[in-house]
>>> print(open('coords_33.cif').read())   # mmCIF, C-alpha atoms
data_input
#
loop_
_atom_site.group_PDB
_atom_site.id
_atom_site.type_symbol
_atom_site.label_atom_id
_atom_site.label_comp_id
_atom_site.auth_asym_id
_atom_site.auth_seq_id
_atom_site.Cartn_x
_atom_site.Cartn_y
_atom_site.Cartn_z
ATOM 1 C CA MET A 1 -71.536 -65.654 42.768
ATOM 2 C CA SER A 2 -70.356 -64.160 39.467
ATOM 3 C CA THR A 3 -69.988 -66.027 36.177
ATOM 4 C CA PRO A 4 -66.475 -67.521 35.930
ATOM 5 C CA ILE A 5 -64.117 -65.730 33.552
ATOM 6 C CA TYR A 6 -62.226 -68.977 32.948
ATOM 7 C CA ASN A 7 -63.665 -72.469 33.203
ATOM 8 C CA ARG A 8 -60.309 -73.996 34.099
ATOM 9 C CA VAL A 9 -57.184 -72.294 35.485
ATOM 10 C CA ALA A 10 -53.824 -73.967 36.149
ATOM 11 C CA LEU A 11 -51.350 -72.552 38.665
ATOM 12 C CA ILE A 12 -47.797 -73.798 38.142
ATOM 13 C CA GLY A 13 -45.890 -73.194 41.360
ATOM 14 C CA LEU A 14 -47.757 -72.970 44.659
ATOM 15 C CA GLY A 15 -46.179 -70.211 46.731
ATOM 16 C CA LEU A 16 -47.531 -66.960 48.138
ATOM 17 C CA ILE A 17 -48.800 -65.504 44.855
ATOM 18 C CA ALA A 18 -50.381 -68.690 43.490
ATOM 19 C CA SER A 19 -52.079 -69.538 46.763
ATOM 20 C CA SER A 20 -53.392 -65.979 47.095
ATOM 21 C CA MET A 21 -54.668 -66.145 43.514
ATOM 22 C CA PHE A 22 -56.555 -69.341 44.300
ATOM 23 C CA TRP A 23 -58.266 -67.895 47.367
ATOM 24 C CA ALA A 24 -59.013 -64.614 45.545
ATOM 25 C CA MET A 25 -60.491 -66.454 42.550
ATOM 26 C CA LYS A 26 -62.666 -68.546 44.821
ATOM 27 C CA ARG A 27 -63.741 -65.479 46.772
ATOM 28 C CA GLY A 28 -64.955 -63.828 43.582
ATOM 29 C CA GLY A 29 -66.223 -66.897 41.715
ATOM 30 C CA LEU A 30 -63.821 -66.066 38.906
ATOM 31 C CA ALA A 31 -62.811 -69.593 37.864
ATOM 32 C CA GLY A 32 -64.617 -72.896 37.577
ATOM 33 C CA THR A 33 -61.876 -75.415 38.409
ATOM 34 C CA VAL A 34 -58.386 -74.436 39.571
ATOM 35 C CA THR A 35 -55.616 -76.993 39.229
ATOM 36 C CA GLY A 36 -52.167 -76.751 40.736
ATOM 37 C CA TYR A 37 -48.685 -78.202 40.440
ATOM 38 C CA ALA A 38 -45.478 -77.723 42.422
ATOM 39 C CA ARG A 39 -42.113 -79.361 41.802
ATOM 40 C CA SER A 40 -41.756 -80.343 45.473
ATOM 41 C CA GLU A 41 -43.719 -83.386 46.619
ATOM 42 C CA ASP A 42 -43.905 -81.855 50.114
ATOM 43 C CA THR A 43 -45.464 -78.694 48.697
ATOM 44 C CA ARG A 44 -48.051 -80.724 46.781
ATOM 45 C CA LYS A 45 -48.826 -82.677 49.956
ATOM 46 C CA THR A 46 -49.289 -79.465 51.939
ATOM 47 C CA ALA A 47 -51.514 -77.995 49.225
ATOM 48 C CA ARG A 48 -53.771 -81.045 49.324
ATOM 49 C CA GLU A 49 -53.968 -80.904 53.120
ATOM 50 C CA ILE A 50 -55.054 -77.250 53.238
ATOM 51 C CA GLY A 51 -57.445 -77.466 50.284
ATOM 52 C CA LEU A 52 -55.322 -75.289 48.023
ATOM 53 C CA CYS A 53 -56.663 -75.731 44.472
ATOM 54 C CA ASP A 54 -59.493 -77.998 43.399
ATOM 55 C CA GLU A 55 -57.027 -80.496 41.955
ATOM 56 C CA ILE A 56 -53.318 -80.999 42.652
ATOM 57 C CA HIS A 57 -51.379 -82.852 39.966
ATOM 58 C CA ASP A 58 -48.017 -84.592 40.107
ATOM 59 C CA THR A 59 -46.836 -83.229 36.753
ATOM 60 C CA ALA A 60 -47.107 -79.800 35.194
ATOM 61 C CA ALA A 61 -48.379 -81.303 31.947
ATOM 62 C CA ASP A 62 -51.307 -82.944 33.738
ATOM 63 C CA ALA A 63 -52.116 -79.695 35.567
ATOM 64 C CA VAL A 64 -52.358 -77.624 32.371
ATOM 65 C CA LYS A 65 -54.432 -80.126 30.383
ATOM 66 C CA ASP A 66 -57.626 -78.434 29.092
ATOM 67 C CA ALA A 67 -56.830 -75.239 31.055
ATOM 68 C CA ASP A 68 -58.058 -71.954 29.590
ATOM 69 C CA LEU A 69 -55.524 -69.964 31.616
ATOM 70 C CA ILE A 70 -52.121 -71.120 32.830
ATOM 71 C CA VAL A 71 -50.200 -68.908 35.258
ATOM 72 C CA LEU A 72 -46.493 -69.541 35.786
ATOM 73 C CA CYS A 73 -45.822 -68.799 39.464
ATOM 74 C CA VAL A 74 -42.238 -70.075 39.572
ATOM 75 C CA PRO A 75 -38.905 -68.222 39.916
ATOM 76 C CA VAL A 76 -38.087 -66.311 36.746
ATOM 77 C CA GLY A 77 -34.936 -68.349 36.197
ATOM 78 C CA VAL A 78 -36.879 -71.542 35.465
ATOM 79 C CA MET A 79 -39.840 -70.152 33.519
ATOM 80 C CA GLY A 80 -38.328 -71.070 30.161
ATOM 81 C CA GLN A 81 -37.874 -74.693 31.178
ATOM 82 C CA VAL A 82 -41.391 -74.874 32.629
ATOM 83 C CA ALA A 83 -42.812 -73.439 29.400
ATOM 84 C CA ALA A 84 -40.962 -76.113 27.418
ATOM 85 C CA ASP A 85 -42.336 -78.831 29.720
ATOM 86 C CA ILE A 86 -45.984 -77.780 29.389
ATOM 87 C CA ALA A 87 -46.019 -76.690 25.735
ATOM 88 C CA PRO A 88 -47.120 -80.058 24.256
ATOM 89 C CA ALA A 89 -50.071 -80.248 26.671
ATOM 90 C CA LEU A 90 -51.473 -76.757 26.101
ATOM 91 C CA LYS A 91 -55.023 -76.381 24.856
ATOM 92 C CA PRO A 92 -55.377 -74.404 21.591
ATOM 93 C CA GLY A 93 -56.539 -70.880 22.381
ATOM 94 C CA ALA A 94 -55.302 -70.996 25.978
ATOM 95 C CA THR A 95 -53.733 -67.961 27.624
ATOM 96 C CA ILE A 96 -50.379 -68.309 29.362
ATOM 97 C CA SER A 97 -49.301 -65.658 31.839
ATOM 98 C CA ASP A 98 -46.823 -65.335 34.688
ATOM 99 C CA VAL A 99 -46.309 -63.380 37.902
ATOM 100 C CA GLY A 100 -42.583 -62.678 37.685
ATOM 101 C CA SER A 101 -41.187 -59.269 38.607
ATOM 102 C CA VAL A 102 -38.924 -59.288 35.533
ATOM 103 C CA LYS A 103 -40.550 -59.139 32.138
ATOM 104 C CA ARG A 104 -38.108 -58.850 29.216
ATOM 105 C CA GLU A 105 -36.096 -61.945 30.160
ATOM 106 C CA VAL A 106 -39.263 -63.920 30.916
ATOM 107 C CA ILE A 107 -40.811 -63.040 27.547
ATOM 108 C CA ASP A 108 -37.590 -63.997 25.758
ATOM 109 C CA ALA A 109 -37.311 -67.258 27.713
ATOM 110 C CA VAL A 110 -40.941 -68.398 27.519
ATOM 111 C CA GLY A 111 -42.078 -67.218 24.098
ATOM 112 C CA PRO A 112 -39.974 -69.519 21.872
ATOM 113 C CA HIS A 113 -41.349 -72.642 23.569
ATOM 114 C CA LEU A 114 -45.036 -71.854 23.095
ATOM 115 C CA PRO A 115 -47.088 -73.016 20.105
ATOM 116 C CA ASP A 116 -48.575 -70.415 17.785
ATOM 117 C CA ASN A 117 -52.156 -71.258 18.785
ATOM 118 C CA VAL A 118 -51.890 -69.962 22.384
ATOM 119 C CA HIS A 119 -51.659 -66.426 23.821
ATOM 120 C CA PHE A 120 -48.803 -65.296 26.072
ATOM 121 C CA ILE A 121 -49.409 -62.196 28.201
ATOM 122 C CA GLY A 122 -46.842 -61.295 30.828
ATOM 123 C CA GLY A 123 -48.124 -60.264 34.235
ATOM 124 C CA HIS A 124 -46.771 -58.935 37.507
ATOM 125 C CA PRO A 125 -48.852 -58.397 40.643
ATOM 126 C CA VAL A 126 -47.009 -55.707 42.601
ATOM 127 C CA ALA A 127 -47.996 -57.206 45.918
ATOM 128 C CA GLY A 128 -46.428 -59.542 48.402
ATOM 129 C CA THR A 129 -45.182 -60.204 51.890
ATOM 130 C CA GLU A 130 -41.929 -61.603 53.222
ATOM 131 C CA HIS A 131 -43.644 -64.994 53.654
ATOM 132 C CA SER A 132 -43.543 -67.793 51.102
ATOM 133 C CA GLY A 133 -45.002 -71.240 50.553
ATOM 134 C CA PRO A 134 -48.519 -72.596 49.953
ATOM 135 C CA GLN A 135 -49.737 -71.719 53.452
ATOM 136 C CA SER A 136 -48.795 -68.037 53.129
ATOM 137 C CA GLY A 137 -51.513 -66.979 50.696
ATOM 138 C CA PHE A 138 -54.683 -65.035 51.454
ATOM 139 C CA ALA A 139 -57.471 -63.687 49.260
ATOM 140 C CA GLU A 140 -56.934 -60.026 50.139
ATOM 141 C CA LEU A 141 -53.297 -59.834 48.987
ATOM 142 C CA PHE A 142 -54.135 -58.053 45.717
ATOM 143 C CA ASP A 143 -56.847 -55.718 46.996
ATOM 144 C CA ASN A 144 -56.076 -52.145 45.873
ATOM 145 C CA ARG A 145 -52.604 -53.206 44.700
ATOM 146 C CA PHE A 146 -51.405 -52.784 41.131
ATOM 147 C CA THR A 147 -50.999 -55.633 38.676
ATOM 148 C CA LEU A 148 -49.044 -54.835 35.530
ATOM 149 C CA LEU A 149 -49.919 -56.646 32.313
ATOM 150 C CA VAL A 150 -47.209 -56.820 29.673
ATOM 151 C CA PRO A 151 -48.651 -58.072 26.380
ATOM 152 C CA VAL A 152 -46.251 -59.238 23.686
ATOM 153 C CA GLU A 153 -46.446 -57.993 20.111
ATOM 154 C CA GLY A 154 -49.660 -59.181 18.474
ATOM 155 C CA SER A 155 -51.351 -60.214 21.731
ATOM 156 C CA ASP A 156 -55.047 -61.033 21.317
ATOM 157 C CA ALA A 157 -57.278 -58.201 22.567
ATOM 158 C CA ARG A 158 -59.909 -60.573 23.977
ATOM 159 C CA ALA A 159 -57.266 -62.570 25.852
ATOM 160 C CA ILE A 160 -55.901 -59.352 27.368
ATOM 161 C CA ALA A 161 -59.393 -58.215 28.359
ATOM 162 C CA ASP A 162 -60.170 -61.529 30.074
ATOM 163 C CA LEU A 163 -56.895 -61.505 32.009
ATOM 164 C CA ARG A 164 -57.501 -57.904 33.048
ATOM 165 C CA ALA A 165 -61.000 -58.847 34.235
ATOM 166 C CA LEU A 166 -59.566 -61.704 36.296
ATOM 167 C CA TRP A 167 -57.067 -59.484 38.087
ATOM 168 C CA GLU A 168 -59.641 -56.769 38.643
ATOM 169 C CA GLY A 169 -61.985 -59.420 40.017
ATOM 170 C CA MET A 170 -59.235 -60.404 42.460
ATOM 171 C CA GLY A 171 -59.168 -56.805 43.701
ATOM 172 C CA ALA A 172 -56.206 -55.463 41.726
ATOM 173 C CA LEU A 173 -55.747 -52.151 39.937
ATOM 174 C CA VAL A 174 -54.573 -53.101 36.439
ATOM 175 C CA GLU A 175 -52.318 -51.215 34.049
ATOM 176 C CA GLU A 176 -50.432 -52.233 30.904
ATOM 177 C CA MET A 177 -46.742 -51.543 30.398
ATOM 178 C CA ASP A 178 -43.931 -52.138 27.930
ATOM 179 C CA PRO A 179 -41.527 -54.887 29.146
ATOM 180 C CA ASP A 180 -38.338 -52.798 29.160
ATOM 181 C CA HIS A 181 -40.014 -49.878 30.916
ATOM 182 C CA HIS A 182 -41.503 -52.325 33.414
ATOM 183 C CA ASP A 183 -38.065 -53.671 34.274
ATOM 184 C CA LEU A 184 -36.661 -50.170 34.809
ATOM 185 C CA VAL A 185 -39.607 -49.087 36.978
ATOM 186 C CA LEU A 186 -39.345 -52.214 39.125
ATOM 187 C CA ALA A 187 -35.597 -51.803 39.467
ATOM 188 C CA VAL A 188 -36.368 -48.453 41.149
ATOM 189 C CA THR A 189 -39.372 -49.482 43.230
ATOM 190 C CA SER A 190 -38.495 -53.061 44.178
ATOM 191 C CA HIS A 191 -35.268 -54.645 42.982
ATOM 192 C CA ALA A 192 -32.691 -52.081 44.130
ATOM 193 C CA PRO A 193 -34.493 -51.508 47.473
ATOM 194 C CA HIS A 194 -34.382 -55.245 48.145
ATOM 195 C CA LEU A 195 -30.669 -55.387 47.392
ATOM 196 C CA ILE A 196 -30.039 -52.393 49.657
ATOM 197 C CA ALA A 197 -32.058 -54.041 52.419
ATOM 198 C CA TYR A 198 -30.108 -57.284 52.081
ATOM 199 C CA THR A 199 -26.892 -55.258 52.254
ATOM 200 C CA MET A 200 -27.907 -53.300 55.349
ATOM 201 C CA VAL A 201 -28.889 -56.451 57.212
ATOM 202 C CA GLY A 202 -25.601 -58.029 56.124
ATOM 203 C CA VAL A 203 -23.673 -55.007 57.438
ATOM 204 C CA ALA A 204 -25.368 -55.371 60.819
ATOM 205 C CA ASP A 205 -24.478 -59.049 60.870
ATOM 206 C CA ASP A 206 -20.830 -58.258 60.121
ATOM 207 C CA LEU A 207 -20.503 -55.355 62.559
ATOM 208 C CA ARG A 208 -19.580 -57.273 65.663
ATOM 209 C CA ARG A 209 -19.473 -54.156 67.852
ATOM 210 C CA VAL A 210 -23.293 -54.199 67.692
ATOM 211 C CA THR A 211 -24.670 -57.341 69.306
ATOM 212 C CA ASP A 212 -27.501 -59.455 67.953
ATOM 213 C CA SER A 213 -29.612 -58.619 70.988
ATOM 214 C CA GLU A 214 -29.161 -54.876 70.388
ATOM 215 C CA VAL A 215 -30.142 -55.253 66.738
ATOM 216 C CA ILE A 216 -33.326 -57.050 67.783
ATOM 217 C CA LYS A 217 -34.236 -54.756 70.688
ATOM 218 C CA TYR A 218 -33.724 -51.459 68.897
ATOM 219 C CA SER A 219 -34.915 -52.425 65.415
ATOM 220 C CA ALA A 220 -37.909 -50.052 65.559
ATOM 221 C CA ALA A 221 -35.429 -47.270 64.815
ATOM 222 C CA GLY A 222 -35.650 -48.228 61.131
ATOM 223 C CA PHE A 223 -33.710 -51.462 60.850
ATOM 224 C CA ARG A 224 -36.950 -53.427 61.241
ATOM 225 C CA ASP A 225 -38.126 -52.237 57.831
ATOM 226 C CA PHE A 226 -34.949 -53.549 56.222
ATOM 227 C CA THR A 227 -35.310 -56.956 57.886
ATOM 228 C CA ARG A 228 -38.867 -57.367 56.641
ATOM 229 C CA ILE A 229 -37.727 -56.886 53.041
ATOM 230 C CA ALA A 230 -34.565 -58.940 53.495
ATOM 231 C CA ALA A 231 -36.602 -61.924 54.719
ATOM 232 C CA SER A 232 -38.037 -62.455 51.222
ATOM 233 C CA ASP A 233 -37.565 -65.694 49.290
ATOM 234 C CA PRO A 234 -33.839 -66.135 48.414
ATOM 235 C CA THR A 235 -34.381 -68.173 45.241
ATOM 236 C CA MET A 236 -36.851 -65.704 43.786
ATOM 237 C CA TRP A 237 -34.620 -62.705 44.448
ATOM 238 C CA ARG A 238 -31.464 -64.389 43.183
ATOM 239 C CA ASP A 239 -33.240 -64.973 39.870
ATOM 240 C CA VAL A 240 -34.670 -61.443 39.789
ATOM 241 C CA PHE A 241 -31.232 -59.839 40.017
ATOM 242 C CA LEU A 242 -29.680 -62.189 37.487
ATOM 243 C CA ASN A 243 -32.523 -61.606 35.025
ATOM 244 C CA ASN A 244 -32.881 -57.836 35.425
ATOM 245 C CA LYS A 245 -29.179 -57.137 35.522
ATOM 246 C CA ASP A 246 -28.929 -54.016 33.349
ATOM 247 C CA ALA A 247 -31.764 -52.020 34.917
ATOM 248 C CA THR A 248 -30.743 -52.963 38.470
ATOM 249 C CA LEU A 249 -27.110 -51.993 37.868
ATOM 250 C CA GLU A 250 -28.210 -48.663 36.376
ATOM 251 C CA ILE A 251 -30.291 -47.826 39.432
ATOM 252 C CA LEU A 252 -27.577 -49.008 41.832
ATOM 253 C CA GLY A 253 -25.109 -46.740 40.016
ATOM 254 C CA ARG A 254 -27.411 -43.779 40.533
ATOM 255 C CA PHE A 255 -27.948 -44.797 44.154
ATOM 256 C CA THR A 256 -24.189 -44.835 44.687
ATOM 257 C CA GLU A 257 -23.882 -41.307 43.251
ATOM 258 C CA GLU A 258 -26.642 -40.041 45.557
ATOM 259 C CA LEU A 259 -25.035 -41.768 48.534
ATOM 260 C CA PHE A 260 -21.672 -40.145 47.817
ATOM 261 C CA ALA A 261 -23.364 -36.734 47.638
ATOM 262 C CA LEU A 262 -24.982 -37.309 51.036
ATOM 263 C CA GLN A 263 -21.676 -38.490 52.486
ATOM 264 C CA ARG A 264 -20.082 -35.264 51.278
ATOM 265 C CA ALA A 265 -22.883 -33.168 52.780
ATOM 266 C CA ILE A 266 -22.502 -34.887 56.163
ATOM 267 C CA ARG A 267 -18.701 -34.594 56.081
ATOM 268 C CA THR A 268 -18.791 -30.878 55.210
ATOM 269 C CA GLY A 269 -21.703 -30.010 57.476
ATOM 270 C CA ASP A 270 -23.944 -28.965 54.573
ATOM 271 C CA GLY A 271 -27.236 -28.930 56.460
ATOM 272 C CA ASP A 272 -29.089 -27.114 53.680
ATOM 273 C CA HIS A 273 -28.358 -29.929 51.224
ATOM 274 C CA LEU A 274 -29.530 -32.565 53.708
ATOM 275 C CA TYR A 275 -32.707 -30.650 54.590
ATOM 276 C CA ASP A 276 -33.649 -30.043 50.951
ATOM 277 C CA TYR A 277 -32.973 -33.659 50.041
ATOM 278 C CA PHE A 278 -35.034 -35.063 52.904
ATOM 279 C CA THR A 279 -37.876 -32.640 52.163
ATOM 280 C CA ARG A 280 -38.010 -33.873 48.558
ATOM 281 C CA THR A 281 -37.977 -37.544 49.538
ATOM 282 C CA ARG A 282 -40.632 -36.990 52.204
ATOM 283 C CA ALA A 283 -43.016 -35.837 49.462
ATOM 284 C CA ILE A 284 -42.632 -39.219 47.733
ATOM 285 C CA ARG A 285 -43.853 -40.928 50.908
ATOM 286 C CA ARG A 286 -46.900 -38.662 51.038
ATOM 287 C CA GLY A 287 -47.669 -39.544 47.424
ATOM 288 C CA ILE A 288 -47.578 -43.270 48.180
ATOM 289 C CA ILE A 289 -50.059 -42.813 51.028
ATOM 290 C CA GLU A 290 -52.334 -40.612 48.913
ATOM 291 C CA ALA A 291 -52.319 -43.279 46.183
ATOM 292 C CA GLY A 292 -53.605 -45.822 48.704
ATOM 293 C CA GLN A 293 -50.499 -48.006 48.481
ATOM 294 C CA ASP A 294 -49.748 -47.668 52.212
ATOM 295 C CA THR A 295 -51.125 -45.949 55.267
ATOM 296 C CA ASP A 296 -49.746 -43.579 57.879
ATOM 297 C CA ALA A 297 -51.338 -45.664 60.657
ATOM 298 C CA PRO A 298 -49.173 -46.104 63.784
ATOM 299 C CA ASP A 299 -48.417 -49.745 62.909
ATOM 300 C CA PHE A 300 -46.900 -48.613 59.589
ATOM 301 C CA GLY A 301 -49.886 -50.109 57.802
ATOM 302 C CA ARG A 302 -48.832 -53.686 58.478
ATOM 303 C CA SER A 303 -51.777 -55.686 59.720
ATOM 304 C CA LYS A 304 -51.250 -59.209 60.916
ATOM 305 C CA VAL A 305 -50.286 -61.471 58.005
ATOM 306 C CA LYS A 306 -52.406 -64.594 57.722
ATOM 307 C CA THR A 307 -50.395 -67.795 57.810
#
>>> encode(input="coords_33.cif", output="structure tokens")
Amino acid sequence: MSTPIYNRVALIGLGLIASSMFWAMKRGGLAGTVTGYARSEDTRKTAREIGLCDEIHDTAADAVKDADLIVLCVPVGVMGQVAADIAPALKPGATISDVGSVKREVIDAVGPHLPDNVHFIGGHPVAGTEHSGPQSGFAELFDNRFTLLVPVEGSDARAIADLRALWEGMGALVEEMDPDHHDLVLAVTSHAPHLIAYTMVGVADDLRRVTDSEVIKYSAAGFRDFTRIAASDPTMWRDVFLNNKDATLEILGRFTEELFALQRAIRTGDGDHLYDYFTRTRAIRRGIIEAGQDTDAPDFGRSKVKT
């Protein structure tokens, strides 16, 4: 068992990411005591029943008391309010981080509420499944997946180093990134693809000439991949799109231009354009596999998700 990086860690919000963080921290002996809080009484009850966190508190302020690290694991749309709620109870010198997939809006919403004697370092583990809730977490979620740290201006070097060590101890590959660049990158790799997946599943639902049973039976043709993404938490993704509006709209605009070009190629029978385009995009897939972020195994790299 390694020496804990933090004596006391508080997880605010107890969904997939927070629960996976708890199990990963315990696996690596990275934290002494881990406290937790969730707004829902049912979620707190479930967390207590499954042994999620060493202590479950009924208020966020109680959960963060004396914590060396506080991680906001709530939808990005409420992070500002949560920061305001916990600010009076924060320990001087504590580090506050988050796991939201939008960074500029989170920094702008959280920062003004925090006292000057704490450190705020944005974070985003680029890992997840379509499952949510306290029972969905598992220690291996972050293994060989990237976590992006987004320090604010003047962030304490020691606080950054400790947070990096925590994520690396949980199995993650850690990089630092500027908040605006982060939001653009994630609009390409995550936000726009989710919106496209939601749209494709919605189209299938609206197209009554294709029955529900046909959609289910023949989903291995590609539709299955859309449904996995589109099953993600609705509240989280609503807030992501509303809080990363500019970058997402920019990428969707470019997507629309590309789609029109492909429509034209299909309409005019331009096979060369289609072949060249698909050859270029195929290389991106190979790069993802070579980077260890997926596998070309027959099951598409999706092992059974622990529930």
>>> closest_residue(input="coords_33.cif", among="A:Leu249, A:Ala61, A:Ala94, A:Ile17", to="Ile160 of chain A", atoms="all atoms listed in the file")
A:Ala94
>>> closest_atom_pairs(input="coords_33.cif", of="segment 159-222 of chain A", to="segment 137-151 of chain A", cutoff="9 Å", atoms="all atoms listed in the file", output="CSV")
residue,atom,partner,partner_atom,distance
A:Ile160,CA,A:Pro151,CA,7.4
A:Leu163,CA,A:Leu149,CA,8.5
A:Arg164,CA,A:Leu149,CA,7.7
A:Trp167,CA,A:Thr147,CA,7.2
A:Glu168,CA,A:Thr147,CA,8.7
A:Met170,CA,A:Phe142,CA,6.5
A:Gly171,CA,A:Asp143,CA,4.2
A:Ala172,CA,A:Arg145,CA,5.2
A:Leu173,CA,A:Phe146,CA,4.5
A:Val174,CA,A:Thr147,CA,4.9
A:Glu175,CA,A:Leu148,CA,5.1
A:Glu176,CA,A:Leu149,CA,4.7
A:Met177,CA,A:Val150,CA,5.3
A:Asp178,CA,A:Val150,CA,6.0
A:Pro179,CA,A:Val150,CA,6.0
A:His182,CA,A:Val150,CA,8.2
>>> atom_distance(input="coords_33.cif", atom1="atom CA of Phe120 of chain A", atom2="atom CA of Leu69 of chain A")
9.9 Å
>>> atom_distance(input="coords_33.cif", atom1="atom CA of Tyr277 of chain A", atom2="atom CA of Asp246 of chain A")
26.6 Å
>>> resolve_selection(input="coords_33.cif", expression="the PyMOL selection byres ((chain A and resi 91) around 12)", output="PDB file with C-alpha atoms, keeping the file's coordinate frame")
ATOM      1  CA  ARG A   8     -60.309 -73.996  34.099  1.00  0.00           C
ATOM      2  CA  VAL A   9     -57.184 -72.294  35.485  1.00  0.00           C
ATOM      3  CA  ALA A  10     -53.824 -73.967  36.149  1.00  0.00           C
ATOM      4  CA  ALA A  61     -48.379 -81.303  31.947  1.00  0.00           C
ATOM      5  CA  ASP A  62     -51.307 -82.944  33.738  1.00  0.00           C
ATOM      6  CA  ALA A  63     -52.116 -79.695  35.567  1.00  0.00           C
ATOM      7  CA  VAL A  64     -52.358 -77.624  32.371  1.00  0.00           C
ATOM      8  CA  LYS A  65     -54.432 -80.126  30.383  1.00  0.00           C
ATOM      9  CA  ASP A  66     -57.626 -78.434  29.092  1.00  0.00           C
ATOM     10  CA  ALA A  67     -56.830 -75.239  31.055  1.00  0.00           C
ATOM     11  CA  ASP A  68     -58.058 -71.954  29.590  1.00  0.00           C
ATOM     12  CA  LEU A  69     -55.524 -69.964  31.616  1.00  0.00           C
ATOM     13  CA  ILE A  70     -52.121 -71.120  32.830  1.00  0.00           C
ATOM     14  CA  ILE A  86     -45.984 -77.780  29.389  1.00  0.00           C
ATOM     15  CA  ALA A  87     -46.019 -76.690  25.735  1.00  0.00           C
ATOM     16  CA  PRO A  88     -47.120 -80.058  24.256  1.00  0.00           C
ATOM     17  CA  ALA A  89     -50.071 -80.248  26.671  1.00  0.00           C
ATOM     18  CA  LEU A  90     -51.473 -76.757  26.101  1.00  0.00           C
ATOM     19  CA  PRO A  92     -55.377 -74.404  21.591  1.00  0.00           C
ATOM     20  CA  GLY A  93     -56.539 -70.880  22.381  1.00  0.00           C
ATOM     21  CA  ALA A  94     -55.302 -70.996  25.978  1.00  0.00           C
ATOM     22  CA  THR A  95     -53.733 -67.961  27.624  1.00  0.00           C
ATOM     23  CA  ILE A  96     -50.379 -68.309  29.362  1.00  0.00           C
ATOM     24  CA  LEU A 114     -45.036 -71.854  23.095  1.00  0.00           C
ATOM     25  CA  PRO A 115     -47.088 -73.016  20.105  1.00  0.00           C
ATOM     26  CA  ASP A 116     -48.575 -70.415  17.785  1.00  0.00           C
ATOM     27  CA  ASN A 117     -52.156 -71.258  18.785  1.00  0.00           C
ATOM     28  CA  VAL A 118     -51.890 -69.962  22.384  1.00  0.00           C
ATOM     29  CA  HIS A 119     -51.659 -66.426  23.821  1.00  0.00           C
TER      30      HIS A 119
END
>>> residues_around(input="coords_33.cif", residues="Met200 of chain A", least_positions_apart="6", cutoff="9 Å", atoms="all atoms listed in the file", output="number ranges by chain")
A: 223, 226-227, 230
>>> atom_distance(input="coords_33.cif", atom1="atom CA of Val34 of chain A", atom2="atom CA of Leu14 of chain A")
11.9 Å
>>> residues_around(input="coords_33.cif", residues="Leu184 of chain A", least_positions_apart="5", cutoff="10 Å", atoms="all atoms listed in the file", output="PyMOL selection string")
chain A and resi 102+179+189-191+244+246-248+250-251
>>> build_atoms(input="coords_33.cif", residues="segment 179-190 of chain A", atoms="N, CA and C atoms", output="compact mmCIF listing (two decimals), in the frame of the given file")
# COMPACT_ATOMS: atom_id res chain seq x y z
N PRO A 179 -42.40 -54.05 28.31
CA PRO A 179 -41.53 -54.89 29.15
C PRO A 179 -40.26 -54.19 29.62
N ASP A 180 -39.58 -53.44 28.75
CA ASP A 180 -38.34 -52.80 29.16
C ASP A 180 -38.60 -51.68 30.17
N HIS A 181 -39.67 -50.92 29.95
CA HIS A 181 -40.01 -49.88 30.92
C HIS A 181 -40.41 -50.51 32.25
N HIS A 182 -41.15 -51.60 32.20
CA HIS A 182 -41.50 -52.32 33.41
C HIS A 182 -40.26 -52.67 34.21
N ASP A 183 -39.25 -53.22 33.56
CA ASP A 183 -38.06 -53.67 34.27
C ASP A 183 -37.30 -52.51 34.90
N LEU A 184 -37.31 -51.35 34.23
CA LEU A 184 -36.66 -50.17 34.81
C LEU A 184 -37.44 -49.65 36.01
N VAL A 185 -38.77 -49.56 35.87
CA VAL A 185 -39.61 -49.09 36.98
C VAL A 185 -39.44 -49.99 38.20
N LEU A 186 -39.45 -51.29 37.99
CA LEU A 186 -39.34 -52.21 39.12
C LEU A 186 -37.95 -52.24 39.71
N ALA A 187 -36.95 -51.93 38.91
CA ALA A 187 -35.60 -51.80 39.47
C ALA A 187 -35.55 -50.67 40.49
N VAL A 188 -36.31 -49.59 40.22
CA VAL A 188 -36.37 -48.45 41.15
C VAL A 188 -37.21 -48.79 42.37
N THR A 189 -38.40 -49.35 42.14
CA THR A 189 -39.37 -49.48 43.23
C THR A 189 -39.22 -50.76 44.04
N SER A 190 -38.53 -51.77 43.50
CA SER A 190 -38.49 -53.06 44.18
C SER A 190 -37.11 -53.70 44.21
